[in-house]
>>> print(open('model_6.csv').read())   # CSV, C-alpha atoms
chain,number,residue,atom,x,y,z
A,8,MET,CA,-25.6,128.6,-84.8
A,9,PRO,CA,-23.8,128.7,-88.2
A,10,ILE,CA,-21.0,126.3,-87.3
A,11,GLY,CA,-22.6,123.8,-85.0
A,12,MET,CA,-21.6,125.1,-81.6
A,13,ALA,CA,-23.5,123.2,-79.0
A,14,ILE,CA,-25.0,126.2,-77.3
A,15,ASP,CA,-28.4,126.2,-75.7
A,16,ASN,CA,-29.9,129.5,-76.6
A,17,LYS,CA,-32.3,129.4,-73.6
A,18,THR,CA,-29.4,129.3,-71.2
A,19,SER,CA,-28.9,132.6,-69.5
A,20,TYR,CA,-25.6,134.3,-68.8
A,21,MET,CA,-24.5,137.4,-66.9
A,22,MET,CA,-21.7,139.8,-67.4
A,23,GLU,CA,-21.0,141.5,-64.1
A,24,THR,CA,-18.5,144.3,-64.7
A,25,LYS,CA,-16.4,146.0,-62.0
A,26,ARG,CA,-13.2,148.0,-62.4
A,27,VAL,CA,-9.9,146.9,-60.8
A,28,SER,CA,-7.5,149.4,-59.3
A,29,TYR,CA,-4.1,149.9,-60.9
A,30,SER,CA,-3.2,152.3,-58.2
A,31,VAL,CA,-4.8,154.1,-55.3
A,32,SER,CA,-5.3,157.3,-57.3
A,33,GLU,CA,-6.2,155.9,-60.8
A,34,LYS,CA,-8.6,153.0,-60.7
A,35,GLY,CA,-8.1,150.5,-63.6
A,36,ARG,CA,-6.4,153.0,-65.9
A,37,GLU,CA,-2.9,153.6,-67.2
A,38,THR,CA,-1.1,155.5,-69.9
A,39,VAL,CA,1.2,154.0,-72.6
A,40,THR,CA,3.7,156.6,-73.9
A,41,VAL,CA,5.0,156.9,-77.5
A,42,ASP,CA,8.0,154.9,-76.3
A,43,ARG,CA,5.7,152.1,-75.1
A,44,GLU,CA,6.4,152.8,-71.4
A,45,VAL,CA,3.6,152.4,-68.9
A,46,VAL,CA,2.8,154.9,-66.3
A,47,ASN,CA,0.0,155.0,-63.7
A,48,ASP,CA,-1.6,158.3,-64.7
A,49,ARG,CA,-3.8,160.0,-67.3
A,50,THR,CA,-1.0,161.6,-69.3
A,51,HIS,CA,-2.5,160.5,-72.6
A,52,ALA,CA,-6.1,160.5,-71.7
A,53,ARG,CA,-8.3,162.2,-74.3
A,54,TYR,CA,-11.4,164.2,-73.3
A,55,ILE,CA,-14.5,164.5,-75.5
A,56,ILE,CA,-15.2,167.9,-76.9
A,57,ASP,CA,-19.0,168.1,-76.4
A,58,GLU,CA,-19.3,171.2,-78.6
A,59,ASN,CA,-18.3,169.0,-81.7
A,60,VAL,CA,-21.2,166.6,-81.2
A,61,LYS,CA,-23.5,168.3,-83.6
A,62,ASN,CA,-24.7,168.5,-87.2
A,63,ASN,CA,-23.2,170.8,-89.9
A,64,VAL,CA,-19.5,170.2,-89.2
A,65,GLU,CA,-16.7,169.7,-91.7
A,66,PHE,CA,-14.0,167.4,-90.4
A,67,ASP,CA,-11.6,166.3,-93.2
A,68,LEU,CA,-10.3,162.9,-92.1
A,69,LYS,CA,-7.7,162.8,-94.9
A,70,LYS,CA,-5.9,165.8,-93.5
A,71,GLY,CA,-2.2,164.9,-92.7
A,72,ALA,CA,-2.5,161.3,-93.7
A,73,GLU,CA,1.0,161.3,-95.0
A,74,LEU,CA,2.4,162.3,-91.6
A,75,MET,CA,1.0,159.5,-89.4
A,76,SER,CA,3.3,158.1,-86.7
A,77,SER,CA,2.4,154.5,-86.2
A,78,GLU,CA,3.9,151.1,-85.1
A,79,ASN,CA,2.6,147.7,-84.1
A,80,ARG,CA,1.1,148.0,-80.6
A,81,LEU,CA,3.1,145.7,-78.3
A,82,GLN,CA,1.6,144.1,-75.2
A,83,SER,CA,1.9,146.7,-72.4
A,84,LEU,CA,0.4,144.6,-69.6
A,85,CYS,CA,3.6,142.8,-68.7
A,86,ASN,CA,5.4,146.1,-68.4
A,87,TRP,CA,2.7,147.4,-66.1
A,88,VAL,CA,2.8,144.2,-63.9
A,89,CYS,CA,6.5,144.5,-63.5
A,90,ALA,CA,6.2,148.0,-62.2
A,91,GLN,CA,3.7,147.2,-59.4
A,92,GLU,CA,4.6,146.5,-55.8
A,93,GLU,CA,1.9,143.8,-55.5
A,94,THR,CA,3.5,140.4,-56.5
A,95,ASN,CA,0.4,138.2,-56.2
A,96,LEU,CA,-1.1,138.3,-59.7
A,97,LYS,CA,-4.4,137.0,-58.6
A,98,GLU,CA,-4.8,139.9,-56.2
A,99,LEU,CA,-3.4,142.3,-58.7
A,100,PHE,CA,-6.0,141.5,-61.2
A,101,GLY,CA,-8.9,141.3,-58.7
A,102,GLY,CA,-9.2,137.5,-58.6
A,103,ALA,CA,-9.3,137.1,-62.4
A,104,GLU,CA,-8.5,133.7,-63.8
A,105,PHE,CA,-8.1,134.9,-67.4
A,106,LEU,CA,-6.3,138.0,-68.6
A,107,SER,CA,-6.0,139.4,-72.1
A,108,SER,CA,-6.7,142.4,-74.3
A,109,ARG,CA,-10.3,143.2,-75.1
A,110,GLY,CA,-9.7,142.5,-78.8
A,111,THR,CA,-8.5,138.9,-78.1
A,112,MET,CA,-11.6,138.1,-76.0
A,113,GLN,CA,-13.7,139.6,-78.8
A,114,THR,CA,-12.0,137.6,-81.5
A,115,ILE,CA,-12.8,134.3,-79.6
A,116,ALA,CA,-16.4,135.3,-78.9
A,117,THR,CA,-17.3,136.1,-82.5
A,118,THR,CA,-15.6,133.1,-84.1
A,119,SER,CA,-18.7,131.2,-85.0
A,120,LEU,CA,-20.8,134.2,-85.7
A,121,LYS,CA,-18.5,136.2,-88.0
A,122,HIS,CA,-16.7,133.5,-90.1
A,123,ASN,CA,-18.8,132.1,-92.9
A,124,PRO,CA,-17.7,128.5,-93.6
A,125,ARG,CA,-17.7,129.2,-97.3
A,126,ASN,CA,-15.3,132.2,-97.0
A,127,ILE,CA,-12.9,131.3,-94.2
A,128,LYS,CA,-9.2,131.0,-95.2
A,129,THR,CA,-6.4,129.2,-93.4
A,130,GLU,CA,-4.3,132.3,-93.4
A,131,ASN,CA,-7.0,134.2,-91.6
A,132,ALA,CA,-7.5,131.7,-88.8
A,133,TRP,CA,-6.3,132.7,-85.4
A,134,THR,CA,-3.9,131.2,-83.0
A,135,ILE,CA,-3.8,132.2,-79.3
A,136,ILE,CA,-1.2,131.2,-76.8
A,137,ALA,CA,-2.3,130.7,-73.2
A,138,VAL,CA,0.3,130.9,-70.4
A,139,LYS,CA,-0.4,130.4,-66.7
A,140,VAL,CA,1.5,132.5,-64.3
A,141,GLY,CA,0.7,132.9,-60.6
A,142,GLY,CA,-2.7,131.2,-61.1
A,143,VAL,CA,-3.7,133.7,-63.9
A,144,ILE,CA,-4.1,132.4,-67.5
A,145,MET,CA,-2.8,135.0,-69.9
A,146,PHE,CA,-3.9,135.1,-73.6
A,147,CYS,CA,-1.8,136.4,-76.5
A,148,GLU,CA,-3.0,136.4,-80.1
A,149,THR,CA,0.1,135.4,-82.2
A,150,THR,CA,-1.2,135.2,-85.7
A,151,LYS,CA,-3.6,137.5,-87.5
A,152,SER,CA,-3.8,138.3,-91.2
A,153,TYR,CA,-5.6,141.1,-92.8
A,154,ASP,CA,-6.5,141.1,-96.5
A,155,ASN,CA,-6.4,144.4,-98.4
A,156,VAL,CA,-5.6,146.6,-95.4
A,157,ASP,CA,-7.2,150.0,-96.0
A,158,TYR,CA,-4.6,152.6,-94.7
A,159,LEU,CA,-6.8,155.6,-95.2
A,160,GLY,CA,-9.8,153.9,-93.6
A,161,SER,CA,-7.6,153.1,-90.6
A,162,TYR,CA,-6.1,156.6,-90.5
A,163,SER,CA,-9.4,158.3,-90.8
A,164,GLY,CA,-10.6,156.7,-87.5
A,165,PHE,CA,-7.6,158.1,-85.6
A,166,LYS,CA,-8.1,161.5,-87.3
A,167,PHE,CA,-11.7,161.6,-86.1
A,168,GLU,CA,-10.5,161.0,-82.6
A,169,GLN,CA,-8.2,164.0,-83.0
A,170,TYR,CA,-11.1,166.2,-84.1
A,171,MET,CA,-13.3,165.0,-81.2
A,172,THR,CA,-10.9,165.1,-78.3
A,173,SER,CA,-8.4,167.3,-76.4
A,174,ASP,CA,-5.7,166.6,-73.9
A,175,GLN,CA,-7.6,168.3,-71.1
A,176,PRO,CA,-11.3,168.8,-70.1
A,177,GLY,CA,-12.7,171.8,-72.0
A,178,GLY,CA,-9.7,172.0,-74.3
A,179,GLU,CA,-9.5,172.5,-78.0
A,180,PRO,CA,-8.5,169.9,-80.7
A,181,ASP,CA,-5.1,170.1,-82.3
A,182,THR,CA,-6.0,168.9,-85.8
A,183,ASP,CA,-2.7,170.3,-87.3
A,184,ALA,CA,-0.6,167.9,-85.3
A,185,PRO,CA,0.4,164.6,-87.0
A,186,VAL,CA,-1.7,161.6,-85.9
A,187,ASP,CA,0.3,159.4,-83.6
A,188,ASN,CA,-1.3,156.1,-82.5
A,189,ARG,CA,1.6,154.9,-80.4
A,190,ALA,CA,0.5,156.6,-77.2
A,191,GLU,CA,-2.8,155.4,-75.6
A,192,PHE,CA,-4.9,155.5,-72.5
A,193,ARG,CA,-6.2,152.1,-71.3
A,194,ASN,CA,-8.7,150.8,-68.9
A,195,LEU,CA,-8.4,147.5,-67.1
A,196,VAL,CA,-11.8,145.9,-66.5
A,197,ARG,CA,-12.5,143.0,-64.2
A,198,SER,CA,-15.7,141.0,-65.2
A,199,ASP,CA,-17.4,137.7,-64.3
A,200,LEU,CA,-18.8,135.8,-67.2
A,201,ILE,CA,-21.4,133.3,-65.9
A,202,PHE,CA,-22.6,130.6,-68.2
A,203,ASN,CA,-24.3,127.2,-67.5
A,204,GLY,CA,-23.8,127.7,-63.8
A,205,GLN,CA,-20.0,128.2,-64.1
A,206,SER,CA,-18.2,131.5,-63.4
A,207,PHE,CA,-15.3,132.7,-65.5
A,208,PRO,CA,-13.5,135.6,-63.9
A,209,ILE,CA,-11.8,137.7,-66.6
A,210,CYS,CA,-9.8,140.8,-66.8
A,211,CYS,CA,-9.4,142.8,-70.1
A,212,SER,CA,-7.2,145.7,-71.0
A,213,ALA,CA,-9.0,148.1,-73.3
A,214,GLU,CA,-8.0,151.3,-75.0
A,215,VAL,CA,-10.2,154.3,-74.1
A,216,ASP,CA,-11.0,156.6,-77.0
A,217,ALA,CA,-12.4,159.4,-74.9
A,218,ILE,CA,-13.7,160.2,-71.5
A,219,ARG,CA,-16.3,162.6,-70.0
A,220,GLY,CA,-15.7,162.7,-66.3
A,221,GLU,CA,-15.7,159.0,-65.4
A,222,THR,CA,-17.8,158.0,-68.4
A,223,LEU,CA,-15.9,156.0,-71.1
A,224,ILE,CA,-16.8,156.8,-74.7
A,225,GLU,CA,-16.2,154.8,-77.9
A,226,LEU,CA,-15.6,156.9,-81.1
A,227,LYS,CA,-16.7,155.5,-84.5
A,228,THR,CA,-17.1,156.7,-88.1
A,229,ARG,CA,-19.7,155.6,-90.5
A,230,ASP,CA,-20.7,156.4,-94.1
A,231,HIS,CA,-23.4,159.0,-94.2
A,232,GLY,CA,-26.8,157.4,-94.9
A,233,SER,CA,-25.7,153.9,-94.0
A,234,LYS,CA,-26.8,152.0,-90.9
A,235,PHE,CA,-25.0,150.1,-88.2
A,236,GLY,CA,-25.8,146.5,-89.4
A,237,PHE,CA,-25.6,143.3,-87.5
A,238,PHE,CA,-21.8,142.8,-87.3
A,239,LYS,CA,-21.0,146.5,-86.6
A,240,SER,CA,-23.5,146.5,-83.8
A,241,LEU,CA,-22.2,143.2,-82.4
A,242,ASP,CA,-18.7,144.7,-82.3
A,243,ILE,CA,-19.9,147.7,-80.5
A,244,ILE,CA,-21.9,145.7,-77.9
A,245,LEU,CA,-19.0,143.3,-77.2
A,246,GLN,CA,-16.4,146.1,-77.1
A,247,SER,CA,-18.5,148.1,-74.7
A,248,THR,CA,-19.4,145.2,-72.4
A,249,LEU,CA,-15.8,144.0,-72.1
A,250,GLY,CA,-14.4,147.6,-71.8
A,251,ASN,CA,-17.1,149.0,-69.5
A,252,VAL,CA,-18.1,151.7,-72.1
A,253,THR,CA,-21.5,153.2,-72.0
A,254,ARG,CA,-21.6,155.9,-74.7
A,255,VAL,CA,-20.8,155.9,-78.5
A,256,VAL,CA,-20.1,159.0,-80.6
A,257,VAL,CA,-20.5,158.5,-84.3
A,258,GLY,CA,-19.1,160.7,-87.1
A,259,TRP,CA,-21.2,160.5,-90.3
A,260,LYS,CA,-18.8,160.9,-93.2
A,261,GLU,CA,-19.2,161.5,-97.0
A,262,LYS,CA,-17.4,159.5,-99.7
A,263,GLU,CA,-14.4,161.8,-99.5
A,264,TYR,CA,-13.8,161.1,-95.9
A,265,VAL,CA,-15.3,164.3,-94.6
A,266,VAL,CA,-17.5,164.1,-91.5
A,267,THR,CA,-20.5,166.4,-91.8
A,268,GLY,CA,-22.4,165.4,-88.7
A,269,VAL,CA,-21.7,163.9,-85.3
A,270,GLU,CA,-24.2,162.0,-83.1
A,271,GLU,CA,-24.1,160.4,-79.7
A,272,PHE,CA,-25.8,157.2,-78.7
A,273,SER,CA,-26.2,155.0,-75.7
A,274,VAL,CA,-24.6,151.6,-76.1
A,275,SER,CA,-28.1,150.0,-75.7
A,276,HIS,CA,-29.1,151.7,-79.0
A,277,PHE,CA,-27.1,149.0,-80.9
A,278,LYS,CA,-28.6,146.0,-79.1
A,279,PRO,CA,-32.1,145.3,-80.7
A,280,ILE,CA,-30.8,144.3,-84.1
A,281,LEU,CA,-28.7,141.5,-82.5
A,282,ASP,CA,-31.6,139.3,-81.4
A,283,GLN,CA,-29.5,138.0,-78.5
A,284,ALA,CA,-26.5,137.3,-80.8
A,285,ASP,CA,-24.3,138.9,-78.1
A,286,GLU,CA,-25.5,136.3,-75.7
A,287,LYS,CA,-24.5,133.6,-78.1
A,288,ALA,CA,-21.1,135.2,-78.5
A,289,PHE,CA,-20.5,135.2,-74.8
A,290,ALA,CA,-21.6,131.6,-74.6
A,291,VAL,CA,-18.9,130.8,-77.2
A,292,LEU,CA,-16.4,132.7,-75.2
A,293,ALA,CA,-17.4,130.8,-72.0
A,294,THR,CA,-17.1,127.5,-73.9
A,295,VAL,CA,-13.6,128.2,-75.0
A,296,LEU,CA,-12.6,129.4,-71.5
A,297,ARG,CA,-13.9,126.2,-70.1
A,298,HIS,CA,-11.8,124.2,-72.5
A,299,VAL,CA,-8.7,126.2,-71.7
A,300,ARG,CA,-9.3,125.9,-68.0
A,301,ASP,CA,-9.7,122.1,-68.2
A,302,HIS,CA,-6.6,121.6,-70.4
A,303,MET,CA,-4.4,123.8,-68.2
A,304,LYS,CA,-5.1,122.1,-64.9
A,305,GLU,CA,-1.7,120.4,-65.2
A,306,ARG,CA,0.0,122.6,-67.8
A,307,PHE,CA,1.5,126.0,-67.7
A,308,ALA,CA,1.2,126.8,-71.5
A,309,LEU,CA,-0.7,125.8,-74.6
A,310,ALA,CA,-1.8,127.0,-78.0
A,311,PHE,CA,-5.3,126.8,-79.3
A,312,ILE,CA,-6.3,127.6,-82.8
A,313,GLN,CA,-9.3,128.1,-85.1
A,314,ARG,CA,-9.1,125.3,-87.7
A,315,VAL,CA,-10.3,125.0,-91.2
A,316,LEU,CA,-11.8,121.6,-91.7
A,317,ASP,CA,-12.6,119.6,-94.8
A,318,GLU,CA,-15.6,120.4,-96.9
A,319,GLY,CA,-15.4,124.1,-96.1
A,320,ARG,CA,-16.4,123.6,-92.4
A,321,VAL,CA,-14.8,125.8,-89.8
A,322,GLY,CA,-13.3,124.2,-86.7
A,323,THR,CA,-14.3,126.4,-83.8
A,324,PRO,CA,-12.5,126.0,-80.5
A,325,ASP,CA,-15.3,123.8,-79.2
A,326,SER,CA,-15.0,121.3,-82.1
A,327,GLY,CA,-11.2,121.5,-82.6
A,328,ILE,CA,-9.4,122.4,-79.4
A,329,GLN,CA,-8.9,118.9,-78.0
A,330,LYS,CA,-7.2,117.7,-81.2
A,331,GLU,CA,-5.3,120.8,-81.8
A,332,ILE,CA,-3.9,121.4,-78.3
A,333,GLN,CA,-0.1,122.0,-78.3
A,334,HIS,CA,1.9,122.0,-75.1
>>> encode(input="model_6.csv", output="structure tokens")
Amino acid sequence: MPIGMAIDNKTSYMMETKRVSYSVSEKGRETVTVDREVVNDRTHARYIIDENVKNNVEFDLKKGAELMSSENRLQSLCNWVCAQEETNLKELFGGAEFLSSRGTMQTIATTSLKHNPRNIKTENAWTIIAVKVGGVIMFCETTKSYDNVDYLGSYSGFKFEQYMTSDQPGGEPDTDAPVDNRAEFRNLVRSDLIFNGQSFPICCSAEVDAIRGETLIELKTRDHGSKFGFFKSLDIILQSTLGNVTRVVVGWKEKEYVVTGVEEFSVSHFKPILDQADEKAFAVLATVLRHVRDHMKERFALAFIQRVLDEGRVGTPDSGIQKEIQH
């Protein structure tokens, strides 16, 4: 592996995914309103419009860009936990030992695969806080820096979701309404990551782009004529595995951010190019979780970081966590 993680590529792993119930009526799903309040229903669920999965469309992803309503997305899990009658966190999260957003788990998993030692910068290294409450270790990513944020690129993704979904099954899109990314529909997925004979029970909160019945769908845009390369495919596989997603709908766009064709794929379509890189990523994740588990046996909180070492080498959690533990 690029950064010297001691991972045996021949060692197998399994991701056994099962959904945890938030309530009796809605299993593993909740809505976050524009005011960041959490409710146990499908108020802000978005339903895929199957009629728009076709060629010869014209979706202008620039439309209304100046009207976008947006804010930093705060952690909603704590609000949801406080609203539940169940007080045993272990039982509430289906026996999970680790709890976080899907994105944080993905950040950890891809550390040694995505960050070229020659290009890593200190300001882009991540710091994650782990806090143990009721036997559950909760992760929160506290530092993340983005260089040259592409506002239109970000907006266009939300606009594509607006073209492709409605607020009810069989409904119509409302593409004249301002894009608002504050409200969201989330899925809570309970998984067991098994590596080197050890099991790591995890629970991830993941935003759901669209649903079709009980099928969860990820929505993506891509430049027309380009391919989903290694890293884009890796992101899709990890997102889908951690979020229990099985289908991906892709909007092929021209240079002026106009989608001219929409295509649907099974998640497995993106796997061959990886040459088992997703297994290596999950092995990295398991290694970090093992470190955190060991260090938190007698602690209730710590911070672990991705370090930049001398000579352009990157300190992954495996090589740097023991020296960089803060408690």
>>> closest_atom_pairs(input="model_6.csv", of="range 149-251 of chain A", to="range 283-305 of chain A", cutoff="8 Å", atoms="all atoms listed in the file", output="Markdown table")
| residue | atom | partner | partner_atom | distance |
| --- | --- | --- | --- | --- |
| A:Leu200 | CA | A:Ala293 | CA | 7.1 |
| A:Ile201 | CA | A:Ala293 | CA | 7.7 |
| A:Phe202 | CA | A:Ala293 | CA | 6.4 |
| A:Phe207 | CA | A:Ala293 | CA | 7.1 |
| A:Leu241 | CA | A:Asp285 | CA | 6.4 |
| A:Ile244 | CA | A:Asp285 | CA | 7.2 |
| A:Leu245 | CA | A:Asp285 | CA | 6.9 |
>>> write_last_selection(input="model_6.csv", atoms="C-alpha atoms", output="CSV table (one decimal), in the frame of the given file")
chain,number,residue,atom,x,y,z
A,200,LEU,CA,-18.8,135.8,-67.2
A,201,ILE,CA,-21.4,133.3,-65.9
A,202,PHE,CA,-22.6,130.6,-68.2
A,207,PHE,CA,-15.3,132.7,-65.5
A,241,LEU,CA,-22.2,143.2,-82.4
A,244,ILE,CA,-21.9,145.7,-77.9
A,245,LEU,CA,-19.0,143.3,-77.2
>>> residues_around(input="model_6.csv", residues="Ile218 in chain A", least_positions_apart="5", cutoff="9 Å", atoms="only C-alpha atoms", output="list in words")
Ala52, Arg53, Tyr54, Ile55, Thr172, Leu223, Ile224 and Glu225 of chain A
>>> atom_distance(input="model_6.csv", atom1="CA of Gln246 in chain A", atom2="CA of Arg109 in chain A")
7.0 Å
>>> atom_distance(input="model_6.csv", atom1="CA of Ser198 in chain A", atom2="CA of Ala217 in chain A")
21.1 Å
>>> closest_residue(input="model_6.csv", among="A:Phe238, A:Phe192, A:Phe311, A:Tyr264", to="Arg49 in chain A", atoms="all atoms listed in the file")
A:Phe192
>>> closest_residue(input="model_6.csv", among="A:Arg193, A:Lys234, A:Arg229, A:Lys239", to="Val266 in chain A", atoms="all atoms listed in the file")
A:Arg229
>>> closest_residue(input="model_6.csv", among="A:Thr228, A:Phe105, A:Val88, A:Thr118", to="Ser206 in chain A", atoms="all atoms listed in the file")
A:Phe105
>>> atom_distance(input="model_6.csv", atom1="CA of Arg189 in chain A", atom2="CA of Glu92 in chain A")
26.2 Å
>>> build_atoms(input="model_6.csv", residues="range 50-63 of chain A", atoms="N, CA, C and O atoms", output="tab-separated table (two decimals), keeping the file's coordinate frame")
chain	number	residue	atom	x	y	z
A	50	THR	N	-1.79	160.77	-68.42
A	50	THR	CA	-1.00	161.60	-69.30
A	50	THR	C	-1.59	161.68	-70.72
A	50	THR	O	-1.71	162.74	-71.32
A	51	HIS	N	-1.97	160.53	-71.27
A	51	HIS	CA	-2.50	160.50	-72.60
A	51	HIS	C	-3.99	160.25	-72.72
A	51	HIS	O	-4.48	159.80	-73.75
A	52	ALA	N	-4.68	160.54	-71.64
A	52	ALA	CA	-6.10	160.50	-71.70
A	52	ALA	C	-6.66	161.54	-72.66
A	52	ALA	O	-6.10	162.63	-72.76
A	53	ARG	N	-7.72	161.22	-73.37
A	53	ARG	CA	-8.30	162.20	-74.30
A	53	ARG	C	-9.75	162.49	-73.82
A	53	ARG	O	-10.52	161.58	-73.46
A	54	TYR	N	-10.08	163.77	-73.80
A	54	TYR	CA	-11.40	164.20	-73.30
A	54	TYR	C	-12.28	164.65	-74.41
A	54	TYR	O	-11.87	165.42	-75.29
A	55	ILE	N	-13.51	164.17	-74.38
A	55	ILE	CA	-14.50	164.50	-75.50
A	55	ILE	C	-14.75	165.95	-75.52
A	55	ILE	O	-14.88	166.63	-74.49
A	56	ILE	N	-14.84	166.49	-76.70
A	56	ILE	CA	-15.20	167.90	-76.90
A	56	ILE	C	-16.72	167.90	-77.25
A	56	ILE	O	-17.12	167.64	-78.39
A	57	ASP	N	-17.54	168.17	-76.27
A	57	ASP	CA	-19.00	168.10	-76.40
A	57	ASP	C	-19.53	169.03	-77.50
A	57	ASP	O	-20.53	168.76	-78.16
A	58	GLU	N	-18.85	170.17	-77.67
A	58	GLU	CA	-19.30	171.20	-78.60
A	58	GLU	C	-19.25	170.63	-80.07
A	58	GLU	O	-19.92	171.15	-80.98
A	59	ASN	N	-18.46	169.59	-80.31
A	59	ASN	CA	-18.30	169.00	-81.70
A	59	ASN	C	-19.33	167.92	-81.94
A	59	ASN	O	-19.34	167.37	-83.04
A	60	VAL	N	-20.16	167.58	-80.96
A	60	VAL	CA	-21.20	166.60	-81.20
A	60	VAL	C	-22.43	167.33	-81.72
A	60	VAL	O	-23.31	167.76	-80.98
A	61	LYS	N	-22.48	167.50	-83.04
A	61	LYS	CA	-23.50	168.30	-83.60
A	61	LYS	C	-23.56	168.05	-85.15
A	61	LYS	O	-22.65	167.43	-85.72
A	62	ASN	N	-24.59	168.54	-85.80
A	62	ASN	CA	-24.70	168.50	-87.20
A	62	ASN	C	-23.92	169.70	-87.84
A	62	ASN	O	-23.48	170.60	-87.12
A	63	ASN	N	-23.80	169.69	-89.16
A	63	ASN	CA	-23.20	170.80	-89.90
A	63	ASN	C	-21.74	171.07	-89.46
A	63	ASN	O	-21.35	172.20	-89.15
